[in-house]
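Okay, structure_5.cif now, which holds mmCIF, C-alpha atoms:
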data_query
loop_
_atom_site.label_atom_id
_atom_site.label_comp_id
_atom_site.auth_asym_id
_atom_site.auth_seq_id
_atom_site.Cartn_x
_atom_site.Cartn_y
_atom_site.Cartn_z
CA MET A 1 66.39 -41.38 73.09
CA PRO A 2 68.04 -38.77 75.32
CA PRO A 3 67.59 -35.15 74.19
CA ASP A 4 71.37 -34.66 74.01
CA ALA A 5 71.65 -37.52 71.53
CA ILE A 6 68.82 -36.09 69.42
CA ASN A 7 70.50 -32.67 69.39
CA ALA A 8 73.84 -34.23 68.43
CA LEU A 9 72.23 -36.07 65.51
CA ARG A 10 70.62 -32.83 64.31
CA THR A 11 73.92 -30.96 64.66
CA PHE A 12 75.50 -33.45 62.29
CA GLY A 13 72.72 -32.97 59.74
CA ALA A 14 70.40 -35.86 60.55
CA GLN A 15 66.68 -35.40 60.12
CA VAL A 16 65.16 -36.65 63.36
CA VAL A 17 61.52 -37.70 63.21
CA MET A 18 59.85 -37.98 66.60
CA MET A 19 57.67 -41.09 66.82
CA ASP A 20 55.40 -39.79 69.56
CA ARG A 21 51.87 -40.17 68.21
CA PRO A 22 49.55 -43.01 69.33
CA GLU A 23 49.70 -44.69 65.90
CA HIS A 24 53.47 -44.98 66.34
CA ASP A 25 53.11 -47.32 69.32
CA ARG A 26 53.38 -50.40 67.11
CA TYR A 27 56.43 -51.86 65.42
CA HIS A 28 59.12 -49.96 67.35
CA PRO A 29 62.02 -51.87 65.72
CA MET A 30 60.60 -51.06 62.27
CA TRP A 31 60.36 -47.28 62.64
CA ARG A 32 63.65 -46.75 60.82
CA PHE A 33 62.13 -48.26 57.68
CA PHE A 34 59.39 -45.62 57.46
CA ALA A 35 61.88 -43.26 55.80
CA SER A 36 61.18 -45.17 52.59
CA ASP A 37 57.54 -44.01 52.77
CA ASP A 38 58.41 -40.33 53.30
CA PRO A 39 57.54 -38.32 50.15
CA GLY A 40 60.28 -35.81 51.02
CA VAL A 41 63.03 -38.44 50.94
CA ASN A 42 64.92 -39.34 47.76
CA VAL A 43 67.54 -41.64 49.30
CA PHE A 44 67.44 -43.20 52.77
CA LEU A 45 69.84 -45.16 54.95
CA CYS A 46 68.70 -47.41 57.78
CA ARG A 47 71.32 -47.38 60.50
CA ASP A 48 71.25 -48.00 64.22
CA ALA A 49 71.29 -44.67 66.07
CA ASP A 50 74.36 -45.80 68.01
CA SER A 51 76.26 -46.83 64.88
CA ARG A 52 78.20 -44.03 63.25
CA LEU A 53 78.85 -44.12 59.53
CA ASN A 54 82.59 -44.75 59.28
CA ALA A 55 84.86 -43.85 56.35
CA LYS A 56 84.54 -47.32 54.77
CA GLU A 57 80.74 -47.19 54.91
CA LEU A 58 80.67 -43.60 53.64
CA LEU A 59 82.70 -44.62 50.59
CA ALA A 60 80.42 -47.62 50.01
CA VAL A 61 77.31 -45.42 50.28
CA MET A 62 78.74 -42.81 47.90
CA ASN A 63 79.64 -45.55 45.40
CA TRP A 64 76.11 -46.93 45.68
CA ILE A 65 74.48 -43.53 45.10
CA GLU A 66 76.68 -42.96 42.04
CA SER A 67 75.88 -46.46 40.71
CA GLY A 68 72.21 -45.71 40.08
CA LYS A 69 71.20 -48.96 41.80
CA SER A 70 68.02 -48.98 43.88
CA PHE A 71 69.36 -50.61 47.05
CA HIS A 72 72.48 -50.68 49.19
CA VAL A 73 73.29 -53.41 51.72
CA MET A 74 76.34 -53.53 53.99
CA ARG A 75 77.74 -56.81 55.29
CA ASP A 76 81.22 -56.23 56.65
CA HIS A 77 81.71 -58.80 59.38
CA PRO A 78 82.10 -62.60 59.18
CA MET A 79 78.96 -62.99 61.32
CA HIS A 80 76.78 -60.94 58.94
CA HIS A 81 74.89 -63.85 57.38
CA GLU A 82 71.48 -62.24 56.98
CA LEU A 83 70.33 -61.16 53.54
CA ILE A 84 69.69 -57.63 54.83
CA LEU A 85 70.66 -56.43 58.30
CA ALA A 86 68.04 -54.02 59.68
CA GLY A 87 70.57 -51.31 60.48
CA MET A 88 72.85 -51.60 57.45
CA TRP A 89 70.91 -50.91 54.27
CA GLY A 90 69.44 -48.12 52.21
CA GLY A 91 67.24 -47.48 49.24
CA LYS A 92 65.91 -44.99 46.76
CA ALA A 93 62.45 -43.49 46.97
CA GLY A 94 59.55 -45.06 45.15
CA VAL A 95 61.05 -48.52 44.76
CA LEU A 96 59.46 -50.31 47.71
CA PRO A 97 55.74 -50.55 48.38
CA SER A 98 54.61 -48.72 51.52
CA ILE A 99 56.35 -50.23 54.54
CA GLN A 100 53.73 -48.78 56.87
CA ASP A 101 50.87 -50.32 54.84
CA TYR A 102 52.66 -53.67 54.80
CA LEU A 103 53.16 -53.63 58.57
CA ASN A 104 49.53 -52.66 59.15
CA GLU A 105 48.49 -55.71 57.09
CA ALA A 106 51.20 -58.02 58.46
CA PRO A 107 49.15 -59.45 61.38
CA ALA A 108 46.82 -60.95 58.78
CA TYR A 109 49.75 -63.01 57.46
CA PHE A 110 50.96 -64.37 60.81
#
Can you give me the file's structure in the form of structure tokens?
Amino acid sequence: MPPDAINALRTFGAQVVMMDRPEHDRYHPMWRFFASDDPGVNVFLCRDADSRLNAKELLAVMNWIESGKSFHVMRDHPMHHELILAGMWGGKAGVLPSIQDYLNEAPAYF
């Protein structure tokens, strides 16, 4: 990601985690999910870096947080048929098992 984009995200309050260690070389598309494993995170949202949270999504996220429910999933287009879109969901800490552990074991299942 270009440094200007990283700085812009930080300016708007995003926590940017650099995935630059050798153990990060696997599962590039799954990196966004590792926020659920972070002990310093209470609530996380998985969004594409090039997809800004618009007013409709912000309201939906705020309603979800206030609801006390463990997960939030957005599907706001007629072509959104998947159960969970990788860049349009969120969760609360401690609900999911370790994503990183699951991915490390995943090759054994495929």
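Of the listed residues A:Ser51, A:Asn7, A:Gln15, A:Ser36, the one whose atoms come nearest to Gly94 (chain A) is A:Ser36, with distances taken using all atoms listed in the file.
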For Ala8 (chain A): contacts at 12 Å, all atoms listed in the file, fewer than 6 positions along chain excluded, given as a short mmCIF file (atom, residue, chain, number, x, y, z; two decimals) with C-alpha atoms, keeping the file's coordinate frame:
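Saved file selection_24.cif follows:
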data_model
loop_
_atom_site.label_atom_id
_atom_site.label_comp_id
_atom_site.auth_asym_id
_atom_site.auth_seq_id
_atom_site.Cartn_x
_atom_site.Cartn_y
_atom_site.Cartn_z
CA MET A 1 66.39 -41.38 73.09
CA PRO A 2 68.04 -38.77 75.32
CA ALA A 14 70.40 -35.86 60.55
CA GLN A 15 66.68 -35.40 60.12
CA VAL A 16 65.16 -36.65 63.36
CA ALA A 49 71.29 -44.67 66.07
CA ASP A 50 74.36 -45.80 68.01
CA ARG A 52 78.20 -44.03 63.25
#
### One-decimal distance in Å that lies between CA of Cys46 (chain A) and CA of Ile84 (chain A)
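Atom-to-atom, CA of Ile84 (chain A) to CA of Cys46 (chain A), that is 10.7 Å.
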### Interatomic distance, CA of Ser70 (chain A) to CA of Leu96 (chain A) (Å, one decimal)
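If I compute the distance from CA of Ser70 (chain A) to CA of Leu96 (chain A), I get 9.5 Å.
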Let me have the centre and edge lengths in Å, one decimal, of the box along x, y and z around every listed atom of region 91-100 of chain A with 6 Å of margin on each side, as AutoDock Vina command-line options.
--center_x 60.5 --center_y -47.0 --center_z 50.8 --size_x 25.5 --size_y 19.1 --size_z 24.1
Please list as a JSON list (two decimals) with C-alpha atoms, in the coordinates of the input every residue within 12 Å of Pro39 (chain A), counting all atoms listed in the file and excluding residues in the same chain fewer than 4 positions away.
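Result file part-v5.json:
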[["chain", "number", "residue", "atom", "x", "y", "z"],
["A", 34, "PHE", "CA", 59.39, -45.62, 57.46],
["A", 35, "ALA", "CA", 61.88, -43.26, 55.80],
["A", 43, "VAL", "CA", 67.54, -41.64, 49.30],
["A", 44, "PHE", "CA", 67.44, -43.20, 52.77],
["A", 92, "LYS", "CA", 65.91, -44.99, 46.76],
["A", 93, "ALA", "CA", 62.45, -43.49, 46.97],
["A", 94, "GLY", "CA", 59.55, -45.06, 45.15],
["A", 98, "SER", "CA", 54.61, -48.72, 51.52]]
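Of the residues listed (A:Asp4, A:Asn42, A:Ala86, A:Val95), A:Asn42 shows the shortest atom-to-atom separation from Ile65 (chain A); distances use all atoms listed in the file.
Non-sequential neighbours of region 20-29 of chain A (distance at most 10 Å, separation of 5 or more positions within a chain, all atoms listed in the file) are Ala86, Gln100, Leu103 and Asn104 of chain A.
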#### Entry: 10 Å contact set for Gly87 (chain A), all atoms listed in the file, chain neighbours under 6 positions out, as number ranges by chain
A: 32-33, 45-49, 51, 73-74
### Task
Can you work out the spacing between CA of Pro3 (chain A) and CA of Gly40 (chain A) in Å, to one decimal?
24.3 Å
### Message
Take the PyMOL selection byres ((chain A and resi 59-62) around 10), run it mentally on this structure, and tell me the resulting residues as a VMD selection string.
### Response
chain A and resid 45 53 to 58 63 to 67 72 to 74 89 to 90
### Query
Quick one: of A:Gly91, A:Gly13, A:Ile99, A:Glu82, who's nearest to Trp31 (chain A), counting all atoms listed in the file?
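Comparing A:Gly91, A:Gly13, A:Ile99, A:Glu82 against Trp31 (chain A), the winner is A:Ile99.
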### Message
For a quick check of understanding, using only C-alpha atoms, which of A:Asp37, A:Gly68, A:Leu85, A:Arg10 has the smallest distance to Pro97 (chain A)?
### Response
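The closest residue to Pro97 (chain A) is A:Asp37.
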